[in-house]
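Shown below: entry17.csv, with CSV, C-alpha atoms and all ligand atoms.
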chain,number,residue,atom,x,y,z
A,1,MET,CA,65.8,97.6,198.0
A,2,ASN,CA,68.1,99.2,195.4
A,3,ILE,CA,67.9,99.2,191.7
A,4,HIS,CA,70.4,99.8,188.8
A,5,GLU,CA,70.9,103.1,187.0
A,6,TYR,CA,69.2,101.8,183.8
A,7,GLN,CA,66.1,100.8,185.8
A,8,ALA,CA,66.0,104.2,187.7
A,9,LYS,CA,66.2,105.9,184.3
A,10,GLU,CA,63.2,103.8,183.0
A,11,ILE,CA,61.2,105.2,185.9
A,12,PHE,CA,62.5,108.7,185.3
A,13,LYS,CA,61.3,108.5,181.7
A,14,ARG,CA,57.8,107.5,182.8
A,15,TYR,CA,57.6,110.7,184.8
A,16,ASN,CA,59.2,113.0,182.2
A,17,VAL,CA,62.4,113.5,184.1
A,18,PRO,CA,64.8,114.1,181.2
A,19,THR,CA,67.5,111.5,180.8
A,20,PRO,CA,69.7,110.4,177.9
A,21,SER,CA,68.5,107.5,175.7
A,22,GLY,CA,70.1,104.2,176.4
A,23,TYR,CA,69.7,100.4,176.4
A,24,VAL,CA,71.1,97.8,178.8
A,25,ALA,CA,73.3,95.0,177.4
A,26,PHE,CA,74.3,91.6,178.8
A,27,SER,CA,76.9,90.8,176.1
A,28,VAL,CA,79.4,92.6,173.9
A,29,GLU,CA,77.3,91.9,170.8
A,30,GLU,CA,74.2,93.4,172.4
A,31,ALA,CA,76.2,96.4,173.5
A,32,VAL,CA,77.2,97.1,169.9
A,33,GLU,CA,73.6,96.5,168.7
A,34,ASN,CA,72.4,99.0,171.3
A,35,ALA,CA,74.9,101.6,170.1
A,36,LYS,CA,73.7,101.2,166.5
A,37,LYS,CA,70.1,101.5,167.6
A,38,LEU,CA,70.9,104.7,169.4
A,39,GLY,CA,72.7,106.2,166.5
A,40,GLY,CA,75.0,109.2,166.9
A,41,SER,CA,78.7,109.2,167.2
A,42,ILE,CA,79.5,109.3,170.9
A,43,TRP,CA,78.3,106.6,173.4
A,44,VAL,CA,79.0,106.0,177.0
A,45,VAL,CA,79.5,102.4,178.2
A,46,LYS,CA,78.5,102.2,181.9
A,47,ALA,CA,78.9,99.2,184.2
A,48,GLN,CA,75.6,98.4,186.0
A,49,ILE,CA,76.3,97.5,189.7
A,50,HIS,CA,74.6,98.6,192.9
A,51,ALA,CA,77.3,101.0,193.8
A,52,GLY,CA,78.4,104.5,193.0
A,53,GLY,CA,81.9,105.7,192.1
A,54,ARG,CA,82.0,103.7,188.9
A,55,GLY,CA,83.5,106.4,186.9
A,56,LEU,CA,86.6,106.7,189.2
A,57,GLY,CA,86.9,102.9,189.3
A,58,GLY,CA,87.0,102.6,185.5
A,59,GLY,CA,83.5,101.4,185.0
A,60,VAL,CA,82.2,104.4,182.9
A,61,LYS,CA,83.9,105.1,179.6
A,62,LEU,CA,83.3,107.2,176.5
A,63,ALA,CA,83.4,105.5,173.1
A,64,ARG,CA,83.8,107.5,169.8
A,65,SER,CA,83.2,104.6,167.4
A,66,LEU,CA,81.3,101.2,167.3
A,67,ASP,CA,84.7,99.5,167.5
A,68,GLU,CA,85.4,101.4,170.7
A,69,VAL,CA,82.0,100.4,172.1
A,70,LYS,CA,83.0,96.8,171.4
A,71,THR,CA,86.4,97.1,173.1
A,72,LEU,CA,85.0,98.9,176.1
A,73,ALA,CA,82.1,96.5,176.6
A,74,HIS,CA,84.5,93.6,176.4
A,75,GLU,CA,86.7,95.3,179.0
A,76,ILE,CA,83.9,96.3,181.4
A,77,LEU,CA,81.6,93.2,181.2
A,78,GLY,CA,83.0,90.6,183.5
A,79,MET,CA,85.4,92.9,185.3
A,80,THR,CA,85.5,93.1,189.1
A,81,LEU,CA,84.8,96.8,189.7
A,82,VAL,CA,86.2,98.3,192.9
A,83,THR,CA,84.8,101.6,194.0
A,84,HIS,CA,84.7,103.5,197.3
A,85,GLN,CA,81.2,102.0,197.7
A,86,THR,CA,81.9,98.3,196.9
A,87,GLY,CA,84.5,97.7,199.5
A,88,PRO,CA,87.9,96.2,198.5
A,89,ALA,CA,86.3,92.9,197.2
A,90,GLY,CA,84.5,94.9,194.4
A,91,LYS,CA,81.6,93.7,192.4
A,92,LEU,CA,81.3,91.6,189.3
A,93,VAL,CA,79.9,93.5,186.3
A,94,GLN,CA,77.2,91.5,184.5
A,95,LYS,CA,75.6,94.1,182.4
A,96,VAL,CA,76.5,97.4,180.9
A,97,TYR,CA,74.3,100.4,179.9
A,98,ILE,CA,74.9,101.9,176.5
A,99,GLU,CA,73.9,105.5,176.5
A,100,GLU,CA,74.2,108.4,174.1
A,101,GLY,CA,76.9,110.9,175.0
A,102,ALA,CA,75.7,114.2,176.5
A,103,ASP,CA,77.3,117.6,175.8
A,104,ILE,CA,78.0,118.6,179.4
A,105,ALA,CA,78.2,122.3,180.2
A,106,ASP,CA,78.0,121.9,184.0
A,107,GLU,CA,77.6,119.1,186.5
A,108,LEU,CA,75.3,119.7,189.4
A,109,TYR,CA,73.9,117.4,192.2
A,110,LEU,CA,70.3,116.7,193.1
A,111,GLY,CA,69.0,114.2,195.5
A,112,ILE,CA,66.0,113.4,197.7
A,113,VAL,CA,66.2,111.5,201.0
A,114,LEU,CA,63.9,110.9,203.9
A,115,ASP,CA,64.9,113.0,206.9
A,116,ARG,CA,63.7,110.9,209.8
A,117,ALA,CA,64.2,113.6,212.4
A,118,ARG,CA,62.1,116.1,210.4
A,119,GLU,CA,59.7,113.4,209.2
A,120,MET,CA,59.9,114.9,205.7
A,121,PRO,CA,61.6,114.2,202.5
A,122,VAL,CA,64.5,116.6,202.0
A,123,ILE,CA,65.7,117.7,198.6
A,124,MET,CA,69.4,118.4,198.4
A,125,ALA,CA,71.2,120.2,195.6
A,126,SER,CA,74.7,121.4,195.0
A,127,ARG,CA,76.7,123.2,192.3
A,128,GLU,CA,79.5,120.8,193.1
A,129,GLY,CA,78.1,117.8,191.3
A,130,GLY,CA,80.2,115.1,189.7
A,131,MET,CA,82.2,112.3,191.2
A,132,GLU,CA,83.2,113.7,194.6
A,133,ILE,CA,80.0,114.8,196.4
A,134,GLU,CA,81.0,112.9,199.5
A,135,LYS,CA,84.0,115.0,199.9
A,136,VAL,CA,81.9,118.2,199.5
A,137,ALA,CA,79.6,117.0,202.2
A,138,ALA,CA,82.5,116.4,204.5
A,139,THR,CA,84.6,119.5,203.9
A,140,SER,CA,82.2,122.2,202.8
A,141,PRO,CA,78.6,121.2,203.8
A,142,GLU,CA,77.4,124.8,203.2
A,143,LYS,CA,77.7,124.0,199.5
A,144,ILE,CA,74.8,121.7,199.8
A,145,ILE,CA,71.4,123.3,199.8
A,146,LYS,CA,68.7,121.4,201.6
A,147,VAL,CA,64.9,122.0,201.4
A,148,ALA,CA,62.5,119.9,203.3
A,149,VAL,CA,59.1,119.4,201.7
A,150,ASP,CA,56.1,118.8,204.0
A,151,PRO,CA,54.3,115.9,202.3
A,152,PHE,CA,51.0,117.4,203.3
A,153,ILE,CA,51.5,120.3,200.9
A,154,GLY,CA,53.8,118.6,198.5
A,155,PHE,CA,56.4,120.2,196.2
A,156,GLN,CA,55.6,123.8,195.4
A,157,ALA,CA,57.3,126.3,193.2
A,158,PHE,CA,58.8,128.1,196.2
A,159,HIS,CA,60.7,125.0,197.1
A,160,GLY,CA,62.0,124.9,193.6
A,161,ARG,CA,63.0,128.6,193.7
A,162,GLU,CA,64.8,128.2,197.0
A,163,LEU,CA,66.9,125.4,195.4
A,164,ALA,CA,67.4,127.3,192.2
A,165,TYR,CA,68.5,130.5,193.9
A,166,GLY,CA,70.8,128.5,196.2
A,167,LEU,CA,72.4,126.9,193.1
A,168,GLY,CA,72.8,130.4,191.6
A,169,LEU,CA,71.0,129.4,188.4
A,170,GLU,CA,70.4,132.0,185.6
A,171,LYS,CA,66.9,133.5,185.4
A,172,GLU,CA,66.0,131.7,182.2
A,173,GLU,CA,67.1,128.3,183.7
A,174,ILE,CA,64.9,128.5,186.8
A,175,SER,CA,61.5,127.3,185.4
A,176,SER,CA,63.0,124.3,183.7
A,177,PHE,CA,64.9,123.4,186.9
A,178,ILE,CA,61.7,123.7,188.9
A,179,LYS,CA,59.9,121.4,186.5
A,180,PHE,CA,62.7,118.9,186.8
A,181,ALA,CA,62.6,119.0,190.6
A,182,ALA,CA,58.8,118.7,190.7
A,183,ALA,CA,58.9,115.6,188.5
A,184,LEU,CA,61.6,114.1,190.6
A,185,TYR,CA,59.6,114.7,193.8
A,186,LYS,CA,56.7,112.9,192.1
A,187,VAL,CA,58.9,109.9,191.3
A,188,TYR,CA,60.0,109.8,194.9
A,189,MET,CA,56.6,110.0,196.5
A,190,GLU,CA,54.6,107.8,194.1
A,191,ASN,CA,57.1,105.0,194.3
A,192,ASP,CA,57.8,105.0,198.0
A,193,ALA,CA,61.4,105.7,197.4
A,194,GLU,CA,63.8,106.1,200.3
A,195,MET,CA,66.5,107.8,198.3
A,196,ILE,CA,67.0,109.2,194.8
A,197,GLU,CA,70.3,110.6,193.8
A,198,ILE,CA,71.2,112.3,190.5
A,199,ASN,CA,74.9,112.9,190.4
A,200,PRO,CA,75.5,114.5,188.0
A,201,LEU,CA,72.5,116.5,187.1
A,202,VAL,CA,73.8,118.0,183.9
A,203,LYS,CA,73.2,121.3,182.3
A,204,THR,CA,73.7,120.8,178.6
A,205,LYS,CA,75.2,123.4,176.3
A,206,SER,CA,71.7,124.1,175.0
A,207,GLY,CA,70.6,124.9,178.6
A,208,ALA,CA,68.5,121.8,179.4
A,209,PHE,CA,68.7,119.8,182.6
A,210,ILE,CA,69.1,116.1,182.3
A,211,ALA,CA,69.7,113.2,184.7
A,212,LEU,CA,73.0,111.7,183.6
A,213,ASP,CA,73.2,109.3,186.5
A,214,GLY,CA,70.4,107.8,188.6
A,215,LYS,CA,70.4,105.9,191.8
A,216,MET,CA,67.2,104.8,193.7
A,217,GLY,CA,66.5,102.9,196.9
A,218,PHE,CA,63.0,101.9,198.0
A,219,ASP,CA,61.3,101.2,201.3
A,220,ASP,CA,61.1,97.4,201.5
A,221,ASN,CA,57.9,97.6,203.6
A,222,ALA,CA,56.1,99.4,200.8
A,223,LEU,CA,57.2,97.1,197.9
A,224,PHE,CA,54.0,95.1,198.2
A,225,ARG,CA,52.2,98.0,196.5
A,226,HIS,CA,54.7,98.3,193.7
A,227,PRO,CA,55.0,94.9,192.0
A,228,GLU,CA,56.7,96.5,189.0
A,229,ILE,CA,59.5,97.8,191.2
A,230,GLU,CA,59.7,94.5,193.1
A,231,ALA,CA,60.3,92.9,189.7
A,232,MET,CA,63.4,95.0,189.3
A,233,ARG,CA,65.1,93.2,192.2
A,234,ASP,CA,68.5,91.9,191.1
A,235,GLU,CA,69.2,89.1,193.5
A,236,SER,CA,72.8,88.8,192.3
A,237,GLU,CA,73.5,92.2,193.8
A,238,GLU,CA,72.2,91.2,197.3
A,239,ASN,CA,74.1,89.4,200.0
A,240,PRO,CA,73.0,85.7,199.7
A,241,ILE,CA,72.7,85.1,203.4
A,242,GLU,CA,70.6,88.3,203.9
A,243,ARG,CA,68.3,87.1,201.1
A,244,GLU,CA,67.9,83.6,202.7
A,245,ALA,CA,67.2,85.2,206.1
A,246,SER,CA,64.5,87.4,204.7
A,247,GLY,CA,62.9,84.4,203.1
A,248,TYR,CA,62.3,83.1,206.7
A,249,GLY,CA,61.1,86.4,208.0
A,250,LEU,CA,64.3,87.1,209.9
A,251,SER,CA,66.0,90.4,209.5
A,252,TYR,CA,69.7,89.8,209.2
A,253,VAL,CA,72.5,92.2,208.2
A,254,LYS,CA,76.0,90.9,208.0
A,255,LEU,CA,78.7,92.9,209.7
A,256,ASP,CA,82.5,92.5,210.1
A,257,GLY,CA,83.0,91.3,213.6
A,258,ASN,CA,83.1,87.8,215.1
A,259,VAL,CA,80.4,87.7,217.8
A,260,GLY,CA,77.2,86.3,216.2
A,261,CYS,CA,74.0,87.9,217.7
A,262,MET,CA,70.5,86.4,217.9
A,263,VAL,CA,68.1,88.8,219.5
A,264,ASN,CA,64.3,89.4,219.4
A,265,GLY,CA,63.3,92.9,218.5
A,266,ALA,CA,65.3,95.5,216.5
A,267,GLY,CA,65.8,97.8,219.5
A,268,LEU,CA,67.2,95.1,221.7
A,269,ALA,CA,69.4,93.9,218.8
A,270,MET,CA,70.8,97.4,218.4
A,271,GLY,CA,71.4,97.6,222.2
A,272,THR,CA,73.1,94.2,222.1
A,273,MET,CA,75.4,95.3,219.3
A,274,ASP,CA,76.3,98.5,221.2
A,275,THR,CA,77.0,96.5,224.4
A,276,ILE,CA,79.3,94.1,222.5
A,277,ASN,CA,81.2,97.1,221.2
A,278,TYR,CA,81.3,98.7,224.6
A,279,VAL,CA,82.9,95.7,226.2
A,280,GLY,CA,85.6,95.6,223.5
A,281,GLY,CA,84.1,93.2,220.9
A,282,ASN,CA,82.7,93.3,217.5
A,283,PRO,CA,79.3,92.0,216.4
A,284,ALA,CA,79.3,89.7,213.3
A,285,ASN,CA,75.7,90.5,212.4
A,286,PHE,CA,72.5,92.1,213.3
A,287,LEU,CA,69.7,89.5,213.6
A,288,ASP,CA,66.2,90.1,214.7
A,289,VAL,CA,64.3,86.8,215.1
A,290,GLY,CA,61.1,88.7,215.6
A,291,GLY,CA,58.5,88.7,218.3
A,292,GLY,CA,57.3,85.1,217.7
A,293,ALA,CA,60.6,83.4,218.2
A,294,ASN,CA,60.3,79.6,218.5
A,295,ALA,CA,62.5,76.5,218.1
A,296,GLN,CA,62.3,76.7,214.3
A,297,THR,CA,63.2,80.4,214.0
A,298,VAL,CA,66.0,79.9,216.6
A,299,ALA,CA,67.4,76.9,214.6
A,300,LYS,CA,67.2,78.9,211.4
A,301,GLY,CA,68.9,81.8,213.2
A,302,PHE,CA,71.8,79.5,214.3
A,303,GLU,CA,72.1,78.2,210.8
A,304,ILE,CA,72.2,81.6,209.2
A,305,ILE,CA,74.6,83.1,211.7
A,306,LEU,CA,77.0,80.1,211.3
A,307,LYS,CA,77.2,80.6,207.5
A,308,ASP,CA,79.5,83.4,208.3
A,309,PRO,CA,82.9,81.8,208.8
A,310,ASN,CA,84.0,84.8,211.0
A,311,VAL,CA,81.6,83.9,213.8
A,312,LYS,CA,83.6,82.6,216.8
A,313,SER,CA,80.8,82.8,219.4
A,314,ILE,CA,77.1,83.4,219.5
A,315,PHE,CA,75.3,85.7,221.9
A,316,VAL,CA,71.6,84.8,222.3
A,317,ASN,CA,69.9,87.7,224.0
A,318,ILE,CA,66.1,87.2,224.1
A,319,PHE,CA,63.5,88.9,226.1
A,320,GLY,CA,60.5,86.7,227.0
A,321,GLY,CA,57.4,88.8,226.8
A,322,ILE,CA,54.7,87.1,224.9
A,323,VAL,CA,57.2,84.3,224.1
A,324,ARG,CA,58.0,82.7,227.4
A,325,CYS,CA,61.7,82.1,228.2
A,326,ASP,CA,61.2,78.4,229.0
A,327,ARG,CA,59.9,77.8,225.5
A,328,ILE,CA,62.9,79.7,224.1
A,329,ALA,CA,65.3,77.6,226.2
A,330,ASN,CA,63.7,74.4,224.9
A,331,GLY,CA,63.9,75.9,221.4
A,332,ILE,CA,67.6,76.5,221.8
A,333,LEU,CA,68.2,72.9,223.0
A,334,GLU,CA,66.1,71.6,220.1
A,335,ALA,CA,67.9,73.9,217.7
A,336,THR,CA,71.3,72.5,218.8
A,337,LYS,CA,70.1,69.1,217.7
A,338,LEU,CA,69.0,70.4,214.3
A,339,VAL,CA,72.1,72.4,213.6
A,340,ASP,CA,75.7,71.7,214.3
A,341,VAL,CA,76.5,74.6,216.6
A,342,HIS,CA,80.3,74.3,216.9
A,343,VAL,CA,81.0,77.6,218.7
A,344,PRO,CA,80.3,78.7,222.3
A,345,VAL,CA,76.7,80.0,222.7
A,346,ILE,CA,76.2,82.5,225.4
A,347,VAL,CA,72.5,82.7,226.5
A,348,ARG,CA,70.8,85.5,228.3
A,349,LEU,CA,67.1,85.1,228.7
A,350,ASP,CA,65.1,87.5,230.8
A,351,GLY,CA,61.4,88.2,231.3
A,352,THR,CA,58.5,85.7,231.7
A,353,ASN,CA,59.7,82.4,233.2
A,354,ALA,CA,63.4,83.3,233.1
A,355,LYS,CA,64.1,81.2,236.2
A,356,GLU,CA,62.6,78.1,234.6
A,357,ALA,CA,64.6,78.7,231.5
A,358,ALA,CA,67.8,78.9,233.4
A,359,GLU,CA,67.0,75.6,235.1
A,360,ILE,CA,66.3,74.0,231.7
A,361,LEU,CA,69.6,75.1,230.3
A,362,LYS,CA,71.5,74.1,233.4
A,363,ASN,CA,70.0,70.6,233.5
A,364,ALA,CA,70.7,70.0,229.8
A,365,ASN,CA,74.3,70.4,230.6
A,366,ILE,CA,75.6,71.0,227.1
A,367,LYS,CA,79.2,72.1,227.3
A,368,ASN,CA,79.2,74.9,224.7
A,369,ILE,CA,76.1,76.6,226.2
A,370,ILE,CA,77.1,79.3,228.7
A,371,THR,CA,74.4,81.2,230.6
A,372,ALA,CA,74.6,84.9,231.4
A,373,SER,CA,72.9,86.8,234.2
A,374,ASP,CA,72.3,90.1,232.3
A,375,LEU,CA,73.1,91.9,229.1
A,376,ASN,CA,76.5,93.1,230.2
A,377,ASP,CA,77.6,89.8,231.6
A,378,GLY,CA,76.4,88.1,228.4
A,379,ALA,CA,78.3,90.5,226.2
A,380,ILE,CA,81.5,90.1,228.2
A,381,LYS,CA,81.3,86.3,228.1
A,382,ALA,CA,80.5,86.3,224.3
A,383,VAL,CA,83.4,88.6,223.5
A,384,ALA,CA,85.8,86.5,225.7
A,385,ALA,CA,84.6,83.3,224.0
A,386,ALA,CA,85.1,84.8,220.6
A,387,LYS,CA,88.7,85.6,221.6
A,388,GLY,CA,89.1,81.9,222.6
A,389,ASN,CA,89.1,82.6,226.4
B,1,LIG,P1,79.3,107.1,188.9
B,1,LIG,O1,78.6,108.1,189.7
B,1,LIG,O2,79.1,105.7,189.4
B,1,LIG,O3,80.8,107.4,188.8
B,1,LIG,P2,78.1,108.3,186.6
B,1,LIG,O4,76.9,107.8,185.8
B,1,LIG,O5,77.9,109.5,187.4
B,1,LIG,O6,78.7,107.1,187.4
B,1,LIG,O7,79.3,108.6,185.5
B,1,LIG,C1,80.5,109.2,185.9
B,1,LIG,C2,80.8,110.4,185.0
B,1,LIG,O8,80.9,110.0,183.6
B,1,LIG,C3,79.8,111.5,185.1
B,1,LIG,O9,80.1,112.4,186.1
B,1,LIG,C4,80.0,112.2,183.7
B,1,LIG,O10,81.0,113.1,183.7
B,1,LIG,C5,80.3,111.0,182.8
B,1,LIG,N1,79.2,110.5,182.1
B,1,LIG,C6,78.3,109.6,182.5
B,1,LIG,N2,77.3,109.4,181.6
B,1,LIG,C7,77.5,110.2,180.6
B,1,LIG,C8,76.9,110.5,179.3
B,1,LIG,N3,75.8,109.9,178.9
B,1,LIG,N4,77.5,111.4,178.5
B,1,LIG,C9,78.6,112.0,178.8
B,1,LIG,N5,79.3,111.8,180.0
B,1,LIG,C10,78.8,110.9,180.9
B,2,MG,MG,77.3,109.5,189.5

Would you kindly transcribe this structure into structure tokens?
Amino acid sequence: MNIHEYQAKEIFKRYNVPTPSGYVAFSVEEAVENAKKLGGSIWVVKAQIHAGGRGLGGGVKLARSLDEVKTLAHEILGMTLVTHQTGPAGKLVQKVYIEEGADIADELYLGIVLDRAREMPVIMASREGGMEIEKVAATSPEKIIKVAVDPFIGFQAFHGRELAYGLGLEKEEISSFIKFAAALYKVYMENDAEMIEINPLVKTKSGAFIALDGKMGFDDNALFRHPEIEAMRDESEENPIEREASGYGLSYVKLDGNVGCMVNGAGLAMGTMDTINYVGGNPANFLDVGGGANAQTVAKGFEIILKDPNVKSIFVNIFGGIVRCDRIANGILEATKLVDVHVPVIVRLDGTNAKEAAEILKNANIKNIITASDLNDGAIKAVAAAKGN
């Protein structure tokens, strides 16, 4: 789960990670009120959407008067903001963050992500902060310093020094940088974050480090221990079909292709998507119906897959282990009565009672159900069916 910048900054403040003062606003009037509350003479009006690149897309603007705050809030609230992370459709801006303007001397980058291969959080830092860090990563990766922190020993001063020396910080800046990084590591660990990104981490003219931007993502499986973070969920930022699926215990991710996939087990789902690609097709989604697939979950699966108008065929690839294939076959037949399945369905069932399952499907004699003998055969048939062959 991801949260907004203003929410990440609320968490930062609780951990003494320095960040400018600011207030979120849902209307133009509120934006102006917030600016008055903040005082000062320079404010930044920042679109709050779950995507980066807002500055380049016109969603972050500097105001030098309350009138300008008003004009900019009016302009940004309700706009469809297109950035390199939103895709061409963009995202509707429903709230803005009004923040005090910072006097920026230098823009750095600081992030923490989980490195699954090393099984450790990795802190990343770069001198090349600002709006184009993706370009830096692609063209000059040596400019990004990475330090893995063994969670058993936690963040230590030597980790901080390695980052600080890598960044070429001045001697007198090092201890405040280390304090900053240590606090950020604490935010990451104590909240079961998957990702924190501060871009830019700003060095002010008075030599302080402050988080000017803040992006955080959390491990969904750990949210049960953080009700205060779960409460930050913004459903309007999430894909509505994905949200509905998760309500039924199905893990669904929408993709751009036209072959719908219904599979049990994440590994088999990935293998199925790879095979569809391999035989020249494109999966429309990832869908894991879970280990306990039954008629209801299969029916829900069809319903959810068919909400995507791009779907031109559905490949059901289920391995019967604990769930027997004959029960799945009956479940598919039942599901086709519950849901109007108007596209060809290619079914490959293997494992316990696969033979009985094939008999059941054959005897049912439903014209848009096509059986497949193995994964490859199923993928070829599903891709062909999606092409209308
Ligand atoms: P995004 O990464 O989505 O473009 P940022 O929050 O990083 O959004 O803002 C983009 C740029 O706007 C920053 O790199 C910084 O130069 C400027 N900026 C953002 N917040 C402030 C602020 N409070 N004061 C001064 N400049 C800011
Ligand atoms: Mg940024």

Hey, can you check how far CA of Tyr185 in chain A sits from CA of Ile98 in chain A? 26.4 Å

So the first atom is CA of Ser126 in chain A and the second is CA of Arg54 in chain A; what is the distance between them in Å, to one decimal place?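 Spanning CA of Ser126 in chain A to CA of Arg54 in chain A is a straight-line distance of 20.1 Å.
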
Find the residues near ligand MG 2 (chain B). Use a cut-off of 12 Å, count only C-alpha atoms and all ligand atoms, and write them as a VMD selection string. chain A and resid 4 to 5 46 to 48 50 to 57 59 to 60 83 85 107 to 111 129 to 134 196 to 202 211 to 216

Just the number, please: distance in Å from CA of Thr371 in chain A to CA of Ser251 in chain A, one decimal.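 Distance reported for this atom pair: 24.5 Å.
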
Between A:Phe286, A:Thr272, A:Gly331, A:Gln296, which one has atoms that come closest to Asn376 in chain A, using all atoms listed in the file? A:Thr272
